[in-house]
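First the structure, in the form of structure tokens, and then the observations on it.
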Amino acid sequence: MKTLDEYLQLAAVAHGHLCAGQVLGVRLAMLGLRELGITDPIAERKRIVTYVEIDRCMTDAIALVANCRLGKRALKFRDWGKVAATFVDLPTGRAIRIAAKESSKQIARDMFPDIV
């Protein structure tokens with residue numbers, strides 16, 4: 001797995017800019033994968049399915065970190081308007097849902113004051 005800074009740089013390029021949603025998405029995905037014991041989402045691409053609950057900036061970052069895409073059927077979108085994602089480890093059947101607190105967006109802005 002890459003570092004937070006490495007993922008943030010990649011997210012900024014993939015999304016077009018770095019914003020609080022990108023920071024939240026990267027951190028959320030890194031935590032979800034870590035909790036499932038997935039250290040190389042590129043090598044283990046078919047191991048996980050990710051459900052995102054909002055179609056905003058964070059979803060781009062989650063897709064980047066978890067190496068999941070709608071077209072590959074590894075990313076599922078459920079429009080529940082929540083800044084949250086569920087990571088499912090298919091071989092083990094384990095899953096974890098990570099949700100951001102309301103205060104998370106401001107904390108992300110405070111951590112990275114130069115973001116949009």
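Numbering starts fresh at 1 for the residues of each chain in the structure tokens, the chains themselves are lettered A, B, ... in the order given, and ligands are numbered from 1 as they appear.
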
Closest contacts (segment 7-60 of chain A/segment 106-110 of chain A, max 8 Å, only C-alpha atoms) as CSV:
```
residue,atom,partner,partner_atom,distance
A:Cys19,CA,A:Arg109,CA,7.9
A:Ala20,CA,A:Ala108,CA,5.4
A:Val23,CA,A:Ala108,CA,6.3
A:Leu24,CA,A:Ala108,CA,6.9
```

### Query
Skipping near chain neighbours, those fewer than 2 positions away, what residues fall within 8 Å of Ala85 of chain A using only C-alpha atoms, listed as an NGL selection string?
:A and (28-29 or 50-53 or 83 or 87 or 97-99)

### Of the listed residues A:Leu18, A:Asp40, A:Val49, A:Tyr7, that which approaches Ile115 of chain A most closely, counting only C-alpha atoms
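Of the candidates, the smallest distance to Ile115 of chain A is held by A:Leu18.
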
### Query
Smallest atom-to-atom distance to Gly16 of chain A: which of A:Glu44, A:Asp55, A:Asp60, A:Glu35, using only C-alpha atoms?
A:Asp60

### Query
Residues of chain A in helix (DSSP H, G or I) according to DSSP, as a VMD selection string?
chain A and resid 4 to 15 20 to 36 45 to 47 57 to 66 104 to 111

### Surrounding residues of Leu10 of chain A excluding itself and chain neighbours under 4 positions, 12 Å, only C-alpha atoms, as a list in words
Lys2, Thr3, Leu4, Asp5, Glu6, Ala14, His15, Gly16, His17, Leu18, Gln22, Val23, Val26, Asp60, Ala61, Ile62, Ala63, Leu64 and Val65 of chain A

### Query
Hey, can you check how far atom CA of Lys72 of chain A sits from atom CA of Lys105 of chain A?
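Atom-to-atom, atom CA of Lys72 of chain A to atom CA of Lys105 of chain A, that is 29.2 Å.
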
### Query
Tell me, which residues of chain A carry DSSP strand (DSSP E), written as a ChimeraX atom specification?
/A:48-52,75-77,84-89,94-99
